[in-house]
Each structure stands twice: as C-alpha cells, then as structure tokens.
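Text of structure03.csv (CSV, C-alpha atoms and all ligand atoms) as supplied:
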chain,number,residue,atom,x,y,z
A,1,MET,CA,0.0,0.0,0.0
A,2,PRO,CA,2.7,2.5,-0.9
A,3,ASP,CA,0.5,5.4,-1.9
A,4,VAL,CA,-1.4,5.3,1.5
A,5,ILE,CA,1.9,5.2,3.3
A,6,GLU,CA,2.9,8.4,1.4
A,7,LEU,CA,-0.3,10.0,2.5
A,8,VAL,CA,0.3,9.0,6.1
A,9,SER,CA,3.9,10.4,5.9
A,10,ASP,CA,2.6,13.6,4.4
A,11,TRP,CA,0.0,13.9,7.1
A,12,ALA,CA,2.5,13.1,9.9
A,13,GLY,CA,5.1,15.4,8.5
A,14,ARG,CA,7.7,12.7,8.8
A,15,PRO,CA,8.5,9.3,7.1
A,16,VAL,CA,6.6,6.3,8.5
A,17,ARG,CA,7.5,2.6,8.3
A,18,GLN,CA,4.8,0.0,7.9
A,19,THR,CA,4.6,-3.6,9.2
A,20,PRO,CA,1.6,-5.5,7.8
A,21,ILE,CA,-0.4,-7.4,10.4
A,22,LYS,CA,-1.6,-10.8,9.4
A,23,GLY,CA,-4.8,-12.2,10.8
A,24,GLY,CA,-7.5,-10.0,9.4
A,25,LEU,CA,-9.6,-11.8,6.8
A,26,SER,CA,-10.8,-8.8,4.8
A,27,HIS,CA,-8.7,-5.7,4.7
A,28,LEU,CA,-5.1,-4.5,4.6
A,29,ILE,CA,-4.0,-3.9,8.1
A,30,ALA,CA,-0.6,-2.5,9.1
A,31,ARG,CA,1.2,-1.0,12.1
A,32,VAL,CA,2.8,2.3,11.0
A,33,GLU,CA,5.6,3.9,13.0
A,34,THR,CA,7.6,7.1,12.9
A,35,GLY,CA,11.3,7.1,13.5
A,36,ASP,CA,10.7,8.7,16.9
A,37,GLY,CA,8.4,5.8,18.1
A,38,GLU,CA,4.9,7.1,17.5
A,39,ARG,CA,2.7,4.4,16.1
A,40,TRP,CA,-0.7,3.9,14.7
A,41,LEU,CA,-2.8,1.2,13.1
A,42,LEU,CA,-3.6,1.7,9.4
A,43,ARG,CA,-6.8,0.0,8.1
A,44,VAL,CA,-7.2,0.2,4.3
A,45,LEU,CA,-10.7,-0.9,3.5
A,46,ASP,CA,-11.2,-3.1,0.4
A,47,PRO,CA,-14.2,-1.8,-1.6
A,48,ALA,CA,-14.7,-5.3,-3.0
A,49,VAL,CA,-15.5,-6.6,0.5
A,50,CYS,CA,-18.4,-4.1,0.8
A,51,SER,CA,-19.7,-4.5,-2.7
A,52,ALA,CA,-19.9,-8.3,-2.2
A,53,GLY,CA,-22.1,-7.6,0.9
A,54,LEU,CA,-19.4,-8.9,3.2
A,55,GLY,CA,-19.2,-5.6,5.1
A,56,ILE,CA,-21.4,-2.6,5.6
A,57,PRO,CA,-20.8,0.4,3.3
A,58,MET,CA,-17.4,1.9,4.0
A,59,GLU,CA,-18.7,5.3,5.0
A,60,GLN,CA,-21.0,3.6,7.6
A,61,GLU,CA,-18.1,1.6,8.9
A,62,ILE,CA,-16.0,4.7,9.3
A,63,GLU,CA,-18.7,6.6,11.1
A,64,ASN,CA,-19.5,3.6,13.4
A,65,THR,CA,-15.8,3.2,14.2
A,66,ILE,CA,-15.8,6.9,15.3
A,67,ARG,CA,-18.9,6.3,17.5
A,68,ALA,CA,-17.5,3.2,19.0
A,69,ALA,CA,-14.3,5.1,19.9
A,70,ASP,CA,-16.5,7.6,21.9
A,71,THR,CA,-17.3,4.8,24.3
A,72,GLY,CA,-13.7,4.0,25.0
A,73,VAL,CA,-14.2,0.4,23.8
A,74,GLY,CA,-13.1,1.0,20.2
A,75,PRO,CA,-9.7,2.4,19.3
A,76,LYS,CA,-9.6,6.2,18.8
A,77,VAL,CA,-9.8,7.3,15.2
A,78,ILE,CA,-6.9,9.6,14.6
A,79,HIS,CA,-7.4,10.5,10.9
A,80,HIS,CA,-9.1,9.1,7.9
A,81,PHE,CA,-8.2,9.4,4.2
A,82,PRO,CA,-11.5,9.1,2.3
A,83,GLU,CA,-9.8,9.0,-1.2
A,84,VAL,CA,-8.2,5.6,-0.4
A,85,HIS,CA,-10.8,4.4,2.2
A,86,ALA,CA,-8.1,4.3,4.9
A,87,LEU,CA,-8.5,4.8,8.6
A,88,LEU,CA,-5.6,5.7,10.9
A,89,ILE,CA,-6.5,4.5,14.4
A,90,GLU,CA,-5.0,4.2,17.8
A,91,TYR,CA,-2.6,1.3,18.1
A,92,LEU,CA,-3.8,-0.8,21.0
A,93,ASP,CA,-1.0,-2.4,22.9
A,94,GLY,CA,-2.3,-5.7,24.2
A,95,VAL,CA,-3.0,-9.3,23.4
A,96,THR,CA,-5.2,-10.2,20.5
A,97,LEU,CA,-7.3,-13.1,21.7
A,98,ASN,CA,-7.8,-16.5,20.1
A,99,ALA,CA,-10.9,-18.6,20.5
A,100,ALA,CA,-9.4,-20.8,23.2
A,101,GLN,CA,-8.7,-17.7,25.4
A,102,VAL,CA,-12.3,-16.3,25.2
A,103,PRO,CA,-13.7,-18.4,28.1
A,104,ARG,CA,-11.2,-16.8,30.5
A,105,HIS,CA,-12.4,-13.3,29.6
A,106,LEU,CA,-16.2,-13.7,29.7
A,107,ASP,CA,-16.8,-11.0,32.4
A,108,ALA,CA,-14.6,-8.4,30.7
A,109,ILE,CA,-16.1,-9.2,27.3
A,110,ALA,CA,-19.6,-8.7,28.8
A,111,THR,CA,-18.5,-5.4,30.3
A,112,ALA,CA,-17.0,-4.2,27.0
A,113,CYS,CA,-20.2,-5.1,25.2
A,114,ARG,CA,-22.4,-3.4,27.7
A,115,THR,CA,-20.3,-0.2,27.4
A,116,LEU,CA,-20.4,-0.3,23.5
A,117,HIS,CA,-24.1,-1.0,23.6
A,118,ALA,CA,-24.8,1.9,25.9
A,119,GLY,CA,-22.9,4.3,23.6
A,120,PRO,CA,-24.1,6.4,20.6
A,121,ARG,CA,-26.3,4.5,18.2
A,122,PHE,CA,-24.8,3.4,14.9
A,123,VAL,CA,-25.8,4.9,11.6
A,124,ASN,CA,-27.4,1.7,10.3
A,125,ASP,CA,-29.5,-1.3,11.5
A,126,PHE,CA,-28.4,-4.9,11.3
A,127,SER,CA,-30.5,-8.1,11.3
A,128,ILE,CA,-28.8,-11.5,11.0
A,129,PHE,CA,-32.0,-12.8,9.3
A,130,ASP,CA,-31.9,-10.1,6.6
A,131,LYS,CA,-28.1,-10.8,6.2
A,132,LEU,CA,-28.9,-14.5,5.6
A,133,ARG,CA,-31.5,-13.6,2.9
A,134,ASP,CA,-29.0,-11.2,1.2
A,135,PHE,CA,-26.2,-13.9,1.2
A,136,ARG,CA,-28.6,-16.7,0.0
A,137,ARG,CA,-29.7,-14.4,-2.9
A,138,LEU,CA,-26.1,-13.5,-3.8
A,139,CYS,CA,-25.2,-17.2,-3.8
A,140,ARG,CA,-28.1,-18.1,-6.0
A,141,THR,CA,-27.6,-15.2,-8.4
A,142,ASN,CA,-23.9,-16.0,-8.9
A,143,GLY,CA,-24.2,-19.8,-8.8
A,144,LEU,CA,-21.9,-20.0,-5.8
A,145,ALA,CA,-21.2,-23.3,-4.1
A,146,ILE,CA,-22.7,-23.7,-0.6
A,147,PRO,CA,-22.4,-26.6,1.8
A,148,PRO,CA,-24.6,-29.6,0.8
A,149,GLY,CA,-27.9,-29.7,2.8
A,150,TYR,CA,-27.8,-26.0,3.5
A,151,ASP,CA,-31.3,-25.2,2.2
A,152,ASP,CA,-32.8,-28.1,4.2
A,153,ILE,CA,-32.3,-26.1,7.4
A,154,LEU,CA,-34.0,-22.9,6.1
A,155,PRO,CA,-37.5,-23.9,7.4
A,156,THR,CA,-36.0,-24.2,10.9
A,157,VAL,CA,-34.4,-20.8,10.4
A,158,ALA,CA,-37.9,-19.4,9.6
A,159,ASP,CA,-39.2,-21.0,12.9
A,160,ILE,CA,-36.4,-19.3,14.8
A,161,GLU,CA,-37.1,-15.9,13.2
A,162,ARG,CA,-40.8,-16.2,14.0
A,163,ALA,CA,-40.1,-17.0,17.6
A,164,MET,CA,-37.7,-14.0,18.2
A,165,PRO,CA,-39.3,-11.1,20.0
A,166,ALA,CA,-38.9,-7.6,18.8
A,167,VAL,CA,-36.6,-6.0,21.4
A,168,PRO,CA,-35.1,-2.5,21.5
A,169,THR,CA,-31.8,-2.5,19.4
A,170,VAL,CA,-28.5,-1.2,20.6
A,171,PRO,CA,-25.2,-0.4,18.7
A,172,CYS,CA,-23.7,-3.9,18.1
A,173,HIS,CA,-20.4,-5.0,16.6
A,174,ASN,CA,-22.0,-8.2,15.2
A,175,ASP,CA,-18.7,-9.9,14.3
A,176,LEU,CA,-17.1,-10.7,17.6
A,177,LEU,CA,-14.6,-13.5,16.7
A,178,ALA,CA,-11.8,-13.7,19.2
A,179,GLU,CA,-9.4,-11.9,17.0
A,180,ASN,CA,-11.5,-8.7,17.2
A,181,PHE,CA,-10.9,-8.6,21.0
A,182,ILE,CA,-7.7,-7.1,22.3
A,183,ALA,CA,-7.0,-7.6,26.0
A,184,GLN,CA,-5.3,-4.8,27.8
A,185,GLY,CA,-4.8,-6.1,31.4
A,186,ASP,CA,-8.2,-6.8,32.8
A,187,GLU,CA,-9.9,-4.8,30.1
A,188,ILE,CA,-11.2,-5.8,26.7
A,189,ARG,CA,-11.1,-3.5,23.7
A,190,ILE,CA,-12.9,-4.2,20.4
A,191,VAL,CA,-11.7,-3.6,16.9
A,192,ASP,CA,-13.0,-4.0,13.3
A,193,TYR,CA,-16.5,-2.5,12.8
A,194,GLN,CA,-17.0,-4.0,9.4
A,195,LEU,CA,-20.4,-5.5,10.2
A,196,SER,CA,-21.6,-3.1,12.9
A,197,GLY,CA,-25.2,-1.9,13.2
A,198,ASN,CA,-28.0,-1.5,15.7
A,199,ASN,CA,-29.2,-5.0,16.7
A,200,ASP,CA,-30.6,-7.2,19.4
A,201,PRO,CA,-27.8,-7.5,22.0
A,202,ALA,CA,-28.6,-11.2,22.4
A,203,PHE,CA,-27.2,-11.6,18.9
A,204,GLU,CA,-23.9,-10.1,20.0
A,205,LEU,CA,-23.6,-12.7,22.8
A,206,GLY,CA,-24.7,-15.6,20.7
A,207,ASP,CA,-22.2,-14.6,18.0
A,208,ILE,CA,-19.4,-14.5,20.5
A,209,ALA,CA,-20.4,-17.9,21.7
A,210,ALA,CA,-20.5,-19.3,18.1
A,211,GLU,CA,-17.1,-17.8,17.1
A,212,ALA,CA,-15.4,-19.2,20.2
A,213,ASP,CA,-17.5,-22.4,20.1
A,214,LEU,CA,-18.5,-22.0,23.7
A,215,ASP,CA,-20.5,-24.8,25.3
A,216,PRO,CA,-24.0,-24.1,26.7
A,217,ASP,CA,-22.6,-23.5,30.3
A,218,GLN,CA,-20.1,-21.0,29.0
A,219,THR,CA,-22.7,-19.4,26.9
A,220,ALA,CA,-25.0,-19.1,29.9
A,221,ARG,CA,-22.2,-17.5,31.9
A,222,LEU,CA,-21.6,-14.9,29.2
A,223,ALA,CA,-25.4,-14.2,28.9
A,224,ARG,CA,-25.7,-13.8,32.7
A,225,ALA,CA,-22.6,-11.6,32.9
A,226,TYR,CA,-24.3,-9.3,30.4
A,227,PHE,CA,-28.0,-9.5,31.4
A,228,ALA,CA,-27.6,-10.3,35.1
A,229,THR,CA,-30.4,-12.8,34.7
A,230,GLY,CA,-30.9,-16.2,33.0
A,231,GLU,CA,-34.1,-15.3,31.2
A,232,HIS,CA,-32.3,-14.5,27.9
A,233,ASP,CA,-30.3,-17.7,27.7
A,234,SER,CA,-32.4,-19.5,25.1
A,235,ARG,CA,-32.5,-16.4,22.8
A,236,VAL,CA,-28.7,-16.2,23.0
A,237,ARG,CA,-28.5,-19.9,22.1
A,238,LEU,CA,-30.7,-19.5,19.1
A,239,PHE,CA,-28.6,-16.5,17.9
A,240,HIS,CA,-25.5,-18.7,18.5
A,241,ILE,CA,-27.0,-21.1,15.9
A,242,MET,CA,-28.0,-18.2,13.6
A,243,SER,CA,-24.4,-16.9,13.7
A,244,ASN,CA,-23.1,-20.2,12.4
A,245,VAL,CA,-25.9,-20.6,9.9
A,246,THR,CA,-25.4,-17.1,8.4
A,247,TRP,CA,-21.6,-16.7,8.6
A,248,THR,CA,-21.3,-20.0,6.7
A,249,LEU,CA,-22.5,-18.1,3.7
A,250,TRP,CA,-20.1,-15.1,4.5
A,251,PHE,CA,-17.3,-17.6,3.8
A,252,SER,CA,-19.1,-19.2,0.7
A,253,VAL,CA,-19.5,-15.7,-0.8
A,254,HIS,CA,-15.9,-14.7,0.0
A,255,HIS,CA,-14.7,-18.0,-1.5
A,256,GLY,CA,-16.9,-17.6,-4.6
A,257,LEU,CA,-16.5,-13.9,-5.3
A,258,LEU,CA,-13.2,-12.8,-3.9
A,259,ASP,CA,-11.0,-15.7,-2.8
A,260,ARG,CA,-7.7,-14.0,-3.1
A,261,GLN,CA,-6.0,-14.7,0.1
A,262,ALA,CA,-4.2,-18.0,-0.8
A,263,ASP,CA,-3.3,-18.9,2.8
A,264,PHE,CA,-6.8,-19.1,4.1
A,265,ASP,CA,-9.3,-21.7,3.1
A,266,TYR,CA,-12.7,-19.9,3.0
A,267,ALA,CA,-14.6,-22.9,1.7
A,268,ALA,CA,-13.3,-25.1,4.5
A,269,GLU,CA,-14.4,-22.5,7.0
A,270,ALA,CA,-17.9,-22.4,5.5
A,271,ALA,CA,-18.1,-26.2,5.8
A,272,GLY,CA,-16.9,-26.0,9.4
A,273,LYS,CA,-19.4,-23.4,10.5
A,274,PHE,CA,-22.2,-25.3,8.8
A,275,ALA,CA,-21.3,-28.5,10.6
A,276,ARG,CA,-21.5,-26.6,13.9
A,277,ALA,CA,-24.9,-25.2,13.0
A,278,VAL,CA,-26.2,-28.6,12.1
A,279,ARG,CA,-24.8,-30.1,15.4
A,280,ASP,CA,-26.7,-27.5,17.4
A,281,LEU,CA,-30.0,-27.7,15.5
A,282,ASP,CA,-30.8,-30.8,17.5
A,283,GLY,CA,-32.0,-29.0,20.6
A,284,VAL,CA,-33.6,-26.1,18.7
A,285,GLY,CA,-37.3,-27.0,19.3
A,286,ARG,CA,-36.9,-26.7,23.1
A,287,LEU,CA,-35.1,-23.4,22.7
A,288,ILE,CA,-37.8,-22.0,20.5
A,289,ASP,CA,-40.5,-23.1,23.0
A,290,ASP,CA,-38.6,-21.4,25.8
A,291,VAL,CA,-38.1,-18.1,23.9
A,292,ARG,CA,-41.9,-18.1,23.1
A,293,ARG,CA,-42.7,-18.5,26.8
A,294,HIS,CA,-40.7,-15.5,27.8
B,1,LIG,N1,-6.2,-0.7,16.7
B,1,LIG,C1,-5.4,-1.8,16.8
B,1,LIG,N2,-4.4,-1.9,17.6
B,1,LIG,C2,-3.6,-3.0,17.6
B,1,LIG,N3,-3.8,-4.1,16.8
B,1,LIG,C3,-4.9,-4.1,16.0
B,1,LIG,C4,-5.8,-2.9,15.9
B,1,LIG,N4,-6.7,-3.2,15.0
B,1,LIG,C5,-6.5,-4.4,14.5
B,1,LIG,N5,-5.4,-5.0,15.1
B,1,LIG,C6,-4.9,-6.3,14.9
B,1,LIG,O1,-5.0,-6.6,13.5
B,1,LIG,C7,-5.8,-7.8,13.3
B,1,LIG,C8,-6.7,-7.6,12.1
B,1,LIG,O2,-7.4,-6.4,12.2
B,1,LIG,P1,-9.0,-6.2,11.9
B,1,LIG,O3,-9.3,-4.8,12.0
B,1,LIG,O4,-9.8,-7.2,12.7
B,1,LIG,O5,-9.0,-6.7,10.3
B,1,LIG,P2,-10.1,-7.5,9.5
B,1,LIG,O6,-11.2,-6.6,9.1
B,1,LIG,O7,-9.3,-7.9,8.2
B,1,LIG,O8,-10.5,-8.7,10.3
B,1,LIG,C9,-6.6,-7.9,14.6
B,1,LIG,O9,-7.0,-9.2,14.9
B,1,LIG,C10,-5.6,-7.4,15.6
B,1,LIG,O10,-4.7,-8.4,16.0
B,2,MG,MG,-11.1,-8.7,12.3
Here is a file; write its structure as structure tokens.
Amino acid sequence: MPDVIELVSDWAGRPVRQTPIKGGLSHLIARVETGDGERWLLRVLDPAVCSAGLGIPMEQEIENTIRAADTGVGPKVIHHFPEVHALLIEYLDGVTLNAAQVPRHLDAIATACRTLHAGPRFVNDFSIFDKLRDFRRLCRTNGLAIPPGYDDILPTVADIERAMPAVPTVPCHNDLLAENFIAQGDEIRIVDYQLSGNNDPAFELGDIAAEADLDPDQTARLARAYFATGEHDSRVRLFHIMSNVTWTLWFSVHHGLLDRQADFDYAAEAAGKFARAVRDLDGVGRLIDDVRRH
C-alpha cells in the first residue's frame, strides 16, 4: 500500500515505516511507526468486500468506528483518508485473543459489550436474518457453491425468526470473533466495525459464543454476565445457531466472489461453520419453545 503510506507520511510530516499485520480476513492492516516511536494502526478498506455484501458500506463503517471510539471500547480514530478508504487509528498495545482464550475473559467481554451498547447508536441497522437472505440471494444469483444440505435447514431458520421477540436494538459489533478482542490487562477493547449496526444485544452474545465455540454452560455464563439474569439464555443460544448458519455463507460468498488470500481456506471455514450449525440444531425445538414462553 505505498500510496497510502505516502499519504500518512505527508499527514504526519515525517516518514513512516509499515509492518503488515496478518490475521484479518478482509482488509489491509498494518502498524505504522515514525522514527521517533509514535505508532498507529492503518486499516485500508477493500471496496470489493463491501460490494460483495461482506461488510457494511465503507462510510457507515468509518462513522460507526468513530462512534465506538467515543465509548472507549473501540480504538480512537486519529485520521481518515477518504480518497483511499483508509483509517488511521489508535494502536492498541495488548493481546489479540484466540478462541481458546475467550472463556477466560467472559466477564470483561460482557462489560465491553455493555459499554459499547450503551454508547451512541450506529448509523445503520443490522439483522442476521436479513443478512442471511442477502447472502442466499447472492449465492443463487452468482451460482456459488454452498455446503450440501444448506437449504434443508432454512425452514428451521424461519421458525427461529418467527419466535424471536422484537426488542429495542443497541449499537452492536455483530462480528465478535476472538481476533477482534484485544485484552489490555483486565480490560477488553474491540476492533473491526466492518459488520456493525444496531441490533438485538442477544445476537452479539450468541455470535461471540458461536465464534469461540462456547459450550452451553459457558454461553449461559456470558449471557448472565451481560444481562444479570438467565431469562435470555435461550434467545442467545438461538442466535448462536444463527451466527453459524449465516456466517457459513459469508465464507461461501468470500470464496466464490473474492477468494484472493491464498493462505486461508474460506470454503473449509464455510463447511466447518455449517457443521457446527447442524450439530446445534438438535435442541432447537426446546429453545424456540422457551423463547416463546418469555
Ligand atoms: N487498533 C489496533 N491496535 C492493535 N492491533 C490491532 C488494531 N486493530 C486491529 N489490530 C490487529 O489486526 C488484526 C486484524 O485487524 P482487523 O481490523 O480485525 O481486520 P479484518 O477486518 O481484516 O479482520 C486484529 O485481529 C488485531 O490483531
Ligand atoms: Mg477482524
């Protein structure tokens, strides 16, 4: 990304050095440093990701990132370069989590989510059911491969959607895989607002559970750390299933439309997520009944 680096150097008034960070699945991410030790995180958005429906429109992501920073949970936005869709943000010193570490941080994660959700509303709304319809349409239109048996579960998805109550929405991240959490001591910070939007907070928790493959006890611990009551447990569990069902297609779309990152197997990830969704569909009837009762 040489031209962006030039823009950053011009803006900083001194030359900067960049070190690409691996791990992100969508965009170009690099640490940039000046000779005198100042450093930032550069996030150069890939317009193809948004146009494939894999992220919200770039201007919405930028505005939501600024709003998330207001809560102290997101990194501060230092500058942005609209001509190249790049954000220069606060570099967070800390430990990027992996899925196995998530269970150790459930209380801090719940606290970070509550703080984010209590902050300024985001500029767009987000529904995982709408997202699923968008992806399914995209796959059909473009003839993309999806895991065998996928459409067989859509009637159950319709039952889940019908059972979900309309609740007040809050500004949600909606994509809380472990790698979007950075632990700073006892505190958790949250990066990467590519799929953010106002949503049911129970989706946020179910999505965290799905991404870290939490078991039902761990999922209940997370839900209770957030809600301080067990009455939302089944809703969170249904959203856990919806996360795997829907993000399966995120990977199918990525694989079919823009599989450029040779060292990551997007199709295998789609198959893995779908297998987890099918595994969890076994207990779905009881969860739906429970959500209806509340
Ligand atoms: N502000 C930041 N400070 C420090 N590291 C960061 C920051 N933002 C992202 N990272 C690191 O870069 C990785 C990828 O960034 P991310 O924004 O999640 O990209 P992607 O959208 O491609 O997933 C993160 O998992 C994290 O390790
Ligand atoms: Mg990320």
List all protein, DNA and RNA residues that have an atom no more than 6 Å from any atom of ligand LIG 1 (chain B), counting all atoms listed in the file, and report them as a PyMOL selection string. chain A and resi 21+23-27+29+41+75+89-93+96+179-180+191-192
Just-selected residues, C-alpha atoms written as a PDB file, in the coordinates of the input:
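Contents of out.pdb, freshly written:
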ATOM      1  CA  ILE A  21      -0.400  -7.400  10.400  1.00  0.00           C
ATOM      2  CA  GLY A  23      -4.800 -12.200  10.800  1.00  0.00           C
ATOM      3  CA  GLY A  24      -7.500 -10.000   9.400  1.00  0.00           C
ATOM      4  CA  LEU A  25      -9.600 -11.800   6.800  1.00  0.00           C
ATOM      5  CA  SER A  26     -10.800  -8.800   4.800  1.00  0.00           C
ATOM      6  CA  HIS A  27      -8.700  -5.700   4.700  1.00  0.00           C
ATOM      7  CA  ILE A  29      -4.000  -3.900   8.100  1.00  0.00           C
ATOM      8  CA  LEU A  41      -2.800   1.200  13.100  1.00  0.00           C
ATOM      9  CA  PRO A  75      -9.700   2.400  19.300  1.00  0.00           C
ATOM     10  CA  ILE A  89      -6.500   4.500  14.400  1.00  0.00           C
ATOM     11  CA  GLU A  90      -5.000   4.200  17.800  1.00  0.00           C
ATOM     12  CA  TYR A  91      -2.600   1.300  18.100  1.00  0.00           C
ATOM     13  CA  LEU A  92      -3.800  -0.800  21.000  1.00  0.00           C
ATOM     14  CA  ASP A  93      -1.000  -2.400  22.900  1.00  0.00           C
ATOM     15  CA  THR A  96      -5.200 -10.200  20.500  1.00  0.00           C
ATOM     16  CA  GLU A 179      -9.400 -11.900  17.000  1.00  0.00           C
ATOM     17  CA  ASN A 180     -11.500  -8.700  17.200  1.00  0.00           C
ATOM     18  CA  VAL A 191     -11.700  -3.600  16.900  1.00  0.00           C
ATOM     19  CA  ASP A 192     -13.000  -4.000  13.300  1.00  0.00           C
TER      20      ASP A 192
END
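Using only C-alpha atoms and all ligand atoms, the nearest neighbour of ligand MG 2 (chain B) within the list A:Gly143, A:Pro47, A:Gly55, A:Gly283 is A:Gly55.
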Within 10 Å of stretch 121-129 of chain A, counting only C-alpha atoms, which residues show up once you throw out same-chain ones fewer than 2 positions away? Write them as a ChimeraX atom specification, please. /A:56-57,59-61,63-68,116-119,131-134,157-158,160-161,169-174,195-200,203,239,242-243,245-247
Please produce an output containing C-alpha atoms for each residue in the selection, written as an mmCIF file, keeping the file's coordinate frame.
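again_15.cif, written as the output of this step:
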data_model
loop_
_atom_site.group_PDB
_atom_site.id
_atom_site.type_symbol
_atom_site.label_atom_id
_atom_site.label_comp_id
_atom_site.auth_asym_id
_atom_site.auth_seq_id
_atom_site.Cartn_x
_atom_site.Cartn_y
_atom_site.Cartn_z
ATOM 1 C CA ILE A 56 -21.400 -2.600 5.600
ATOM 2 C CA PRO A 57 -20.800 0.400 3.300
ATOM 3 C CA GLU A 59 -18.700 5.300 5.000
ATOM 4 C CA GLN A 60 -21.000 3.600 7.600
ATOM 5 C CA GLU A 61 -18.100 1.600 8.900
ATOM 6 C CA GLU A 63 -18.700 6.600 11.100
ATOM 7 C CA ASN A 64 -19.500 3.600 13.400
ATOM 8 C CA THR A 65 -15.800 3.200 14.200
ATOM 9 C CA ILE A 66 -15.800 6.900 15.300
ATOM 10 C CA ARG A 67 -18.900 6.300 17.500
ATOM 11 C CA ALA A 68 -17.500 3.200 19.000
ATOM 12 C CA LEU A 116 -20.400 -0.300 23.500
ATOM 13 C CA HIS A 117 -24.100 -1.000 23.600
ATOM 14 C CA ALA A 118 -24.800 1.900 25.900
ATOM 15 C CA GLY A 119 -22.900 4.300 23.600
ATOM 16 C CA LYS A 131 -28.100 -10.800 6.200
ATOM 17 C CA LEU A 132 -28.900 -14.500 5.600
ATOM 18 C CA ARG A 133 -31.500 -13.600 2.900
ATOM 19 C CA ASP A 134 -29.000 -11.200 1.200
ATOM 20 C CA VAL A 157 -34.400 -20.800 10.400
ATOM 21 C CA ALA A 158 -37.900 -19.400 9.600
ATOM 22 C CA ILE A 160 -36.400 -19.300 14.800
ATOM 23 C CA GLU A 161 -37.100 -15.900 13.200
ATOM 24 C CA THR A 169 -31.800 -2.500 19.400
ATOM 25 C CA VAL A 170 -28.500 -1.200 20.600
ATOM 26 C CA PRO A 171 -25.200 -0.400 18.700
ATOM 27 C CA CYS A 172 -23.700 -3.900 18.100
ATOM 28 C CA HIS A 173 -20.400 -5.000 16.600
ATOM 29 C CA ASN A 174 -22.000 -8.200 15.200
ATOM 30 C CA LEU A 195 -20.400 -5.500 10.200
ATOM 31 C CA SER A 196 -21.600 -3.100 12.900
ATOM 32 C CA GLY A 197 -25.200 -1.900 13.200
ATOM 33 C CA ASN A 198 -28.000 -1.500 15.700
ATOM 34 C CA ASN A 199 -29.200 -5.000 16.700
ATOM 35 C CA ASP A 200 -30.600 -7.200 19.400
ATOM 36 C CA PHE A 203 -27.200 -11.600 18.900
ATOM 37 C CA PHE A 239 -28.600 -16.500 17.900
ATOM 38 C CA MET A 242 -28.000 -18.200 13.600
ATOM 39 C CA SER A 243 -24.400 -16.900 13.700
ATOM 40 C CA VAL A 245 -25.900 -20.600 9.900
ATOM 41 C CA THR A 246 -25.400 -17.100 8.400
ATOM 42 C CA TRP A 247 -21.600 -16.700 8.600
#
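With only C-alpha atoms as the basis for measurement, A:Ala210 is the residue among A:Ile288, A:Leu258, A:Ala210, A:Val4 that approaches A:Ala99 most closely.
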For a cutoff of 8 Å around the file-coordinate point (7.6, 6.3, 12.8), which residues qualify once you count only C-alpha atoms? I'd like the result as number ranges by chain. A: 14-17, 32-39
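Of the residues under consideration (A:Leu28, A:Val291, A:Ala270, A:Ala277), A:Leu28 shows the shortest atom-to-atom contact distance to ligand MG 2 (chain B) when counting all atoms listed in the file.
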So the first atom is atom CA of A:Arg279 and the second is atom CA of A:Asp215; what is the distance between them in Å, to one decimal place? 12.0 Å
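With distances taken over only C-alpha atoms, A:His85 is the one residue among A:Val167, A:His85, A:Ala209, A:Gln218 lying closest to A:Cys50.
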Please identify all polymer residues within 9 Å of A:His254, counting only C-alpha atoms, omitting same-chain residues fewer than 6 positions from it, and present them as a PDB file with C-alpha atoms, in the frame of the given file.
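Output file out_32.pdb is given in full below:
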ATOM      1  CA  VAL A  49     -15.500  -6.600   0.500  1.00  0.00           C
ATOM      2  CA  ALA A  52     -19.900  -8.300  -2.200  1.00  0.00           C
ATOM      3  CA  LEU A  54     -19.400  -8.900   3.200  1.00  0.00           C
ATOM      4  CA  ARG A 260      -7.700 -14.000  -3.100  1.00  0.00           C
ATOM      5  CA  TYR A 266     -12.700 -19.900   3.000  1.00  0.00           C
ATOM      6  CA  ALA A 267     -14.600 -22.900   1.700  1.00  0.00           C
TER       7      ALA A 267
END
Would you fill the gaps in stretch 78-82 of chain A so it has all heavy atoms, then print it as a compact mmCIF listing (two decimals), in the frame of the given file?
# COMPACT_ATOMS: atom_id res chain seq x y z
N ILE A 78 -7.79 8.46 14.61
CA ILE A 78 -6.90 9.60 14.60
C ILE A 78 -7.09 10.43 13.33
O ILE A 78 -7.10 11.65 13.37
CB ILE A 78 -5.39 9.11 14.60
CG1 ILE A 78 -5.17 8.04 15.67
CG2 ILE A 78 -4.42 10.28 14.75
CD1 ILE A 78 -5.26 8.50 17.10
N HIS A 79 -7.29 9.75 12.21
CA HIS A 79 -7.40 10.50 10.90
C HIS A 79 -8.05 9.50 9.94
O HIS A 79 -7.94 8.29 10.09
CB HIS A 79 -6.04 10.89 10.43
CG HIS A 79 -6.10 11.90 9.34
ND1 HIS A 79 -6.42 13.22 9.56
CD2 HIS A 79 -5.90 11.78 8.00
CE1 HIS A 79 -6.41 13.87 8.40
NE2 HIS A 79 -6.10 13.02 7.44
N HIS A 80 -8.72 10.05 8.93
CA HIS A 80 -9.10 9.10 7.90
C HIS A 80 -8.84 9.77 6.49
O HIS A 80 -8.91 10.98 6.35
CB HIS A 80 -10.41 8.45 8.07
CG HIS A 80 -11.60 9.14 7.51
ND1 HIS A 80 -12.31 10.07 8.20
CD2 HIS A 80 -12.19 8.99 6.31
CE1 HIS A 80 -13.30 10.49 7.45
NE2 HIS A 80 -13.26 9.86 6.29
N PHE A 81 -8.51 8.92 5.52
CA PHE A 81 -8.20 9.40 4.20
C PHE A 81 -9.25 8.83 3.24
O PHE A 81 -9.14 7.70 2.73
CB PHE A 81 -6.79 8.78 3.77
CG PHE A 81 -5.67 9.14 4.72
CD1 PHE A 81 -5.31 8.26 5.75
CD2 PHE A 81 -4.98 10.34 4.60
CE1 PHE A 81 -4.29 8.58 6.63
CE2 PHE A 81 -3.95 10.67 5.49
CZ PHE A 81 -3.60 9.79 6.51
N PRO A 82 -10.31 9.63 3.04
CA PRO A 82 -11.50 9.10 2.30
C PRO A 82 -11.11 8.70 0.87
O PRO A 82 -11.68 7.74 0.35
CB PRO A 82 -12.46 10.28 2.28
CG PRO A 82 -11.87 11.38 3.09
CD PRO A 82 -10.48 11.01 3.49
